[in-house]
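One file, my_file.txt, is given below (compact mmCIF, C-alpha atoms).
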# COMPACT_ATOMS: atom_id res chain seq x y z
CA MET A 195 116.43 89.56 77.97
CA THR A 196 117.43 86.16 79.30
CA PHE A 197 115.38 83.01 79.42
CA SER A 198 114.98 83.32 83.16
CA ARG A 199 113.54 86.79 83.11
CA PRO A 200 109.85 85.94 82.55
CA PHE A 201 110.14 83.25 85.17
CA ALA A 202 111.64 85.73 87.61
CA ILE A 203 108.78 88.13 86.92
CA ALA A 204 106.18 85.44 87.46
CA LEU A 205 107.82 84.55 90.75
CA LEU A 206 108.01 88.20 91.70
CA THR A 207 104.35 88.95 91.12
CA THR A 208 103.25 85.69 92.66
CA THR A 209 105.27 86.06 95.83
CA CYS A 210 104.22 89.67 96.20
CA ILE A 211 100.53 89.01 95.72
CA PHE A 212 100.55 85.96 97.93
CA ALA A 213 102.65 87.52 100.66
CA GLY A 214 100.65 87.36 103.83
CA ALA A 215 98.88 84.14 102.95
CA VAL A 216 101.19 82.28 105.28
CA GLN A 217 100.27 78.70 106.09
CA ALA A 218 97.61 78.60 103.39
CA ASP A 219 97.51 75.30 101.57
CA ASP A 220 95.81 76.78 98.53
CA PRO A 221 96.60 80.07 96.86
CA PRO A 222 94.15 82.80 97.88
CA SER A 223 91.02 83.11 95.78
CA LYS A 224 90.42 86.10 93.53
CA GLY A 225 88.04 87.45 96.17
CA GLU A 226 90.60 87.05 98.95
CA GLN A 227 93.22 88.81 96.85
CA ALA A 228 90.81 91.67 96.13
CA LEU A 229 89.94 91.94 99.82
CA LYS A 230 93.62 92.15 100.69
CA TYR A 231 94.08 94.72 97.94
CA ARG A 232 91.35 97.01 99.21
CA LYS A 233 92.53 96.70 102.81
CA SER A 234 95.98 97.71 101.63
CA LEU A 235 94.55 100.70 99.80
CA TYR A 236 92.67 101.82 102.91
CA GLN A 237 95.89 101.52 104.92
CA VAL A 238 97.68 103.73 102.41
CA MET A 239 94.77 106.18 102.49
CA ALA A 240 94.78 106.34 106.27
CA TRP A 241 98.54 106.77 106.52
CA ASN A 242 98.39 109.81 104.26
CA PHE A 243 95.10 111.09 105.67
CA GLY A 244 96.45 111.16 109.20
CA PRO A 245 98.95 114.03 108.92
CA MET A 246 96.37 116.22 107.20
CA GLY A 247 93.90 115.46 109.96
CA ALA A 248 96.43 116.40 112.61
CA MET A 249 97.05 119.73 110.90
CA ALA A 250 93.36 120.39 110.27
CA GLN A 251 92.64 119.79 113.94
CA GLY A 252 95.49 122.04 115.05
CA LYS A 253 97.42 119.22 116.70
CA VAL A 254 100.51 119.96 114.63
CA PRO A 255 101.49 123.15 112.79
CA TYR A 256 100.30 123.55 109.21
CA ASP A 257 102.99 122.58 106.71
CA ALA A 258 101.70 123.49 103.26
CA ALA A 259 104.09 121.24 101.33
CA GLU A 260 103.46 118.26 103.57
CA PHE A 261 99.71 118.83 103.44
CA ALA A 262 99.76 119.07 99.64
CA LYS A 263 101.86 115.91 99.33
CA ARG A 264 99.41 113.92 101.45
CA ALA A 265 96.44 115.37 99.60
CA ASP A 266 97.96 114.33 96.28
CA ARG A 267 98.45 110.79 97.50
CA VAL A 268 94.93 110.46 98.83
CA ALA A 269 93.64 111.73 95.48
CA LEU A 270 95.76 109.12 93.69
CA ILE A 271 94.59 106.23 95.83
CA ALA A 272 90.88 107.07 95.96
CA PRO A 273 90.13 106.08 92.34
CA MET A 274 91.74 102.66 92.92
CA LEU A 275 89.35 101.62 95.70
CA SER A 276 86.32 100.57 93.68
CA GLU A 277 88.28 97.74 92.04
CA GLY A 278 88.61 96.21 95.51
CA PHE A 279 84.92 95.40 95.76
CA PRO A 280 84.22 92.75 93.12
CA ALA A 281 81.38 90.26 93.63
CA GLU A 282 83.95 87.64 94.63
CA THR A 283 84.54 89.49 97.91
CA ARG A 284 80.93 88.92 98.98
CA ASN A 285 80.56 86.83 102.13
CA LEU A 286 84.30 86.65 102.78
CA PRO A 287 85.42 86.48 106.40
CA HIS A 288 87.72 89.20 107.71
CA SER A 289 85.82 91.85 105.80
CA GLU A 290 84.51 94.94 107.56
CA LEU A 291 81.98 95.53 104.82
CA LYS A 292 78.34 95.35 105.84
CA PRO A 293 76.35 92.97 103.64
CA ALA A 294 73.88 95.82 103.06
CA MET A 295 76.28 97.22 100.46
CA TRP A 296 75.45 94.48 97.95
CA ALA A 297 71.80 95.51 97.87
CA ASN A 298 72.77 99.19 97.59
CA ARG A 299 75.61 99.10 95.12
CA ALA A 300 74.56 102.24 93.25
CA ASP A 301 74.49 104.21 96.49
CA PHE A 302 77.86 102.78 97.51
CA ASP A 303 79.35 103.65 94.13
CA ALA A 304 77.96 107.18 94.40
CA LYS A 305 79.57 107.56 97.82
CA MET A 306 82.84 106.29 96.39
CA LYS A 307 82.58 108.83 93.57
CA ASN A 308 82.09 111.59 96.16
CA LEU A 309 85.37 110.54 97.75
CA VAL A 310 87.15 110.57 94.39
CA ASP A 311 85.74 113.98 93.44
CA ARG A 312 86.35 115.67 96.78
CA SER A 313 89.85 114.27 97.21
CA ALA A 314 90.67 115.60 93.73
CA THR A 315 89.41 119.01 94.84
CA LEU A 316 91.39 118.68 98.06
CA ALA A 317 94.59 118.01 96.11
CA THR A 318 93.97 121.07 93.93
CA VAL A 319 93.12 123.34 96.85
CA ALA A 320 96.05 122.09 98.93
CA LYS A 321 98.46 123.30 96.25
CA THR A 322 97.37 126.90 96.89
CA GLY A 323 98.88 126.74 100.36
CA ASP A 324 95.79 128.38 101.85
CA PHE A 325 95.22 126.69 105.19
CA ALA A 326 91.58 127.70 105.72
CA GLN A 327 90.56 126.45 102.29
CA SER A 328 92.69 123.32 102.60
CA LYS A 329 91.17 122.54 105.95
CA ALA A 330 87.65 122.96 104.60
CA ALA A 331 88.45 120.73 101.61
CA PHE A 332 89.94 118.16 103.96
CA PHE A 333 86.79 118.02 106.10
CA ASP A 334 84.68 117.83 102.95
CA THR A 335 86.70 114.77 101.94
CA ALA A 336 86.58 113.25 105.40
CA ASP A 337 82.80 113.62 105.33
CA THR A 338 82.69 111.31 102.31
CA CYS A 339 84.70 108.67 104.22
CA LYS A 340 82.36 108.95 107.18
CA ALA A 341 79.19 108.85 105.06
CA CYS A 342 80.27 105.52 103.59
CA HIS A 343 81.65 104.05 106.83
CA ASP A 344 78.49 104.94 108.75
CA LYS A 345 76.36 103.00 106.31
CA TYR A 346 78.58 100.22 105.03
CA LYS A 347 81.45 99.56 107.42
CA ASN A 348 81.40 97.47 110.57
CA GLU A 349 83.49 99.46 113.04
CA MET B 10 81.26 122.41 110.61
CA THR B 11 79.79 120.86 113.74
CA PHE B 12 81.47 120.25 117.05
CA SER B 13 81.59 116.53 116.45
CA ARG B 14 83.43 116.75 113.16
CA PRO B 15 87.03 116.86 114.43
CA PHE B 16 86.20 114.02 116.77
CA ALA B 17 84.76 112.01 113.91
CA ILE B 18 87.92 112.62 111.88
CA ALA B 19 90.14 111.55 114.75
CA LEU B 20 88.13 108.40 115.10
CA LEU B 21 88.27 107.82 111.37
CA THR B 22 92.02 108.09 111.04
CA THR B 23 92.61 106.14 114.22
CA THR B 24 90.37 103.25 113.31
CA CYS B 25 91.75 103.14 109.80
CA ILE B 26 95.38 103.16 110.86
CA PHE B 27 94.83 100.65 113.61
CA ALA B 28 92.64 98.33 111.58
CA GLY B 29 94.30 94.95 111.56
CA ALA B 30 95.80 95.33 115.01
CA VAL B 31 93.11 93.08 116.39
CA GLN B 32 93.63 91.78 119.92
CA ALA B 33 96.51 94.18 120.52
CA ASP B 34 96.46 95.63 124.03
CA ASP B 35 98.56 98.61 123.04
CA PRO B 36 98.26 100.70 119.90
CA PRO B 37 100.87 99.71 117.32
CA SER B 38 104.20 101.47 117.54
CA LYS B 39 105.33 103.94 114.89
CA GLY B 40 107.56 101.21 113.47
CA GLU B 41 104.74 98.68 113.33
CA GLN B 42 102.52 101.21 111.57
CA ALA B 43 105.27 101.95 109.05
CA LEU B 44 105.82 98.23 108.47
CA LYS B 45 102.11 97.77 107.81
CA TYR B 46 102.18 100.79 105.53
CA ARG B 47 104.99 99.49 103.38
CA LYS B 48 103.47 96.01 103.19
CA SER B 49 100.26 97.64 101.99
CA LEU B 50 102.16 99.61 99.36
CA TYR B 51 103.84 96.43 98.09
CA GLN B 52 100.45 94.75 97.87
CA VAL B 53 99.13 97.64 95.79
CA MET B 54 102.26 97.49 93.63
CA ALA B 55 101.90 93.76 93.06
CA TRP B 56 98.21 93.96 92.26
CA ASN B 57 98.88 96.48 89.50
CA PHE B 58 102.14 94.88 88.39
CA GLY B 59 100.48 91.52 87.80
CA PRO B 60 98.32 92.35 84.77
CA MET B 61 101.27 94.00 83.02
CA GLY B 62 103.37 90.93 83.70
CA ALA B 63 100.71 88.65 82.25
CA MET B 64 100.61 90.75 79.08
CA ALA B 65 104.38 91.08 78.86
CA GLN B 66 104.70 87.31 79.11
CA GLY B 67 102.00 86.72 76.50
CA LYS B 68 99.65 85.01 78.93
CA VAL B 69 96.85 87.44 78.13
CA PRO B 70 96.39 89.69 75.08
CA TYR B 71 97.94 93.14 75.18
CA ASP B 72 95.41 95.80 76.16
CA ALA B 73 97.10 99.17 75.75
CA ALA B 74 94.68 101.12 77.98
CA GLU B 75 94.80 98.53 80.74
CA PHE B 76 98.59 98.33 80.55
CA ALA B 77 98.90 102.12 80.70
CA LYS B 78 96.52 102.33 83.67
CA ARG B 79 98.54 99.77 85.63
CA ALA B 80 101.82 101.44 84.68
CA ASP B 81 100.50 104.79 85.93
CA ARG B 82 99.53 103.27 89.25
CA VAL B 83 102.88 101.56 89.76
CA ALA B 84 104.59 104.86 88.99
CA LEU B 85 102.39 106.62 91.56
CA ILE B 86 103.05 104.08 94.30
CA ALA B 87 106.79 103.65 93.81
CA PRO B 88 107.77 107.06 95.26
CA MET B 89 105.78 106.31 98.42
CA LEU B 90 107.77 103.22 99.37
CA SER B 91 110.86 104.80 100.91
CA GLU B 92 108.78 106.33 103.71
CA GLY B 93 107.97 102.79 104.83
CA PHE B 94 111.52 102.07 105.94
CA PRO B 95 112.19 104.36 108.92
CA ALA B 96 114.70 103.32 111.58
CA GLU B 97 111.79 102.34 113.83
CA THR B 98 111.10 99.32 111.61
CA ARG B 99 114.51 97.85 112.37
CA ASN B 100 114.36 94.48 114.13
CA LEU B 101 110.58 94.21 113.91
CA PRO B 102 109.12 90.73 113.58
CA HIS B 103 107.00 89.94 110.52
CA SER B 104 109.34 91.89 108.28
CA GLU B 105 110.79 90.32 105.16
CA LEU B 106 113.60 92.84 105.10
CA LYS B 107 117.10 91.42 105.50
CA PRO B 108 119.03 93.18 108.29
CA ALA B 109 121.82 93.77 105.75
CA MET B 110 119.83 96.73 104.44
CA TRP B 111 120.60 98.85 107.48
CA ALA B 112 124.33 98.66 106.81
CA ASN B 113 123.77 99.41 103.13
CA ARG B 114 121.17 102.14 103.22
CA ALA B 115 122.71 104.18 100.39
CA ASP B 116 122.68 101.15 98.10
CA PHE B 117 119.11 100.35 99.12
CA ASP B 118 118.03 103.94 98.47
CA ALA B 119 119.75 103.88 95.07
CA LYS B 120 117.87 100.70 94.18
CA MET B 121 114.63 102.33 95.29
CA LYS B 122 115.43 105.34 93.10
CA ASN B 123 115.95 103.00 90.14
CA LEU B 124 112.44 101.66 90.70
CA VAL B 125 111.01 105.17 90.87
CA ASP B 126 112.84 106.29 87.72
CA ARG B 127 112.09 103.22 85.63
CA SER B 128 108.46 103.02 86.65
CA ALA B 129 108.10 106.68 85.64
CA THR B 130 109.59 105.78 82.25
CA LEU B 131 107.30 102.76 82.04
CA ALA B 132 104.24 104.96 82.62
CA THR B 133 105.38 107.35 79.89
CA VAL B 134 106.18 104.61 77.41
CA ALA B 135 102.96 102.72 78.14
CA LYS B 136 100.94 105.74 77.02
CA THR B 137 102.32 105.36 73.48
CA GLY B 138 100.49 102.05 73.12
CA ASP B 139 103.60 100.43 71.62
CA PHE B 140 103.68 96.90 72.99
CA ALA B 141 107.33 96.11 72.27
CA GLN B 142 108.53 99.29 73.97
CA SER B 143 106.07 98.89 76.84
CA LYS B 144 107.18 95.32 77.41
CA ALA B 145 110.83 96.34 77.45
CA ALA B 146 110.10 99.16 79.90
CA PHE B 147 108.13 96.74 82.05
CA PHE B 148 111.03 94.29 82.26
CA ASP B 149 113.40 97.17 82.98
CA THR B 150 111.18 98.07 85.93
CA ALA B 151 110.83 94.47 87.08
CA ASP B 152 114.60 94.19 87.08
CA THR B 153 114.77 96.94 89.69
CA CYS B 154 112.33 95.01 91.91
CA LYS B 155 114.38 91.86 91.54
CA ALA B 156 117.70 93.62 92.15
CA CYS B 157 116.44 94.86 95.51
CA HIS B 158 114.63 91.65 96.49
CA ASP B 159 117.66 89.51 95.68
CA LYS B 160 119.80 91.51 98.06
CA TYR B 161 117.43 92.75 100.75
CA LYS B 162 114.31 90.59 100.89
CA ASN B 163 113.86 87.28 102.61
CA GLU B 164 111.75 85.24 100.19
Would you kindly transcribe this structure into structure tokens?
Amino acid sequence: MTFSRPFAIALLTTTCIFAGAVQADDPPSKGEQALKYRKSLYQVMAWNFGPMGAMAQGKVPYDAAEFAKRADRVALIAPMLSEGFPAETRNLPHSELKPAMWANRADFDAKMKNLVDRSATLATVAKTGDFAQSKAAFFDTADTCKACHDKYKNE
Amino acid sequence: MTFSRPFAIALLTTTCIFAGAVQADDPPSKGEQALKYRKSLYQVMAWNFGPMGAMAQGKVPYDAAEFAKRADRVALIAPMLSEGFPAETRNLPHSELKPAMWANRADFDAKMKNLVDRSATLATVAKTGDFAQSKAAFFDTADTCKACHDKYKNE
């Protein structure tokens, strides 16, 4: 290890975390970083959710390996989401979260847990390669997204 | 399953994927979506990399469980990155990728594989709770980030 290594790491993490905060005079607040983090997680979720949705809706042929890969990734990302909603993100601009969430945190957390649980089931079921079961598990997972969005997301 | 369910899913994946493309007249291209996807993945990487870096540099006390959790997440995200660099992302604005990558794809892919391999080792080592070994594995992983950034990322 050289002297410059810790410095390089500090620079690396700083530039990565602050990437996107172009033209900001001050570094982003903890809340702003968390907001960016959760938006990133939702992007990753959506990217991997999409191909499963296309298969489940019959728009593209079922590919068991591809479906299982996407299901695994959604199941990996889902448990990371809750960290993206600390109190510091309250009242931030550029958030699609309805303020009602803060008065209903237990309900929100329960809905988040439904997503975690059902996406874990989806990942397990997807590995069987059974399309009908995989499709059902996918819609069960998608229902948990919708239940939360309907109540707590400004579309 | 109701009639509206597939429609709801389509809406869900569409709004999620296109979130952030505010004021765009056309939906984002495949390349733009992939660029957004990889930027999101790097954000998720950085968020989870940061706490390990702080511990490795002695800025905060070593917390074995926290370190191991972050290491696991970095190891889960790393294999997703390569999908974010399809040919369609070539010449896109708002990319920090140096054009030199496209003429050196095999080298870039090898560097990406180093990240995947070393972050997998990091996750394994972190589970032992041995700080010295975890720190070394962390810096080994960080080196793979830096090796790629130095050559292919506009800072």
Polymer residues at most 9 Å from region 258-275 of chain A, all atoms listed in the file, same-chain spacing of 6 or more positions, as a count of residues only: 39
All residues 10 Å or closer to Pro280 (chain A), all atoms listed in the file, same chain fewer than 5 positions away omitted, as a PyMOL selection string: chain A and resi 224-225+228-229
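The spacing separating CA of Lys340 (chain A) from CA of Phe302 (chain A) amounts to 12.3 Å.
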Top pick for closest residue to chain A, considering B:Lys160, B:Pro37, B:Pro102, B:Ala145 and counting all atoms listed in the file: B:Ala145
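Interatomic distance, CA of Asp220 (chain A) against CA of Glu282 (chain A): 16.5 Å.
Relative to CA of Lys162 (chain B), CA of Glu105 (chain B) is found at 5.5 Å.
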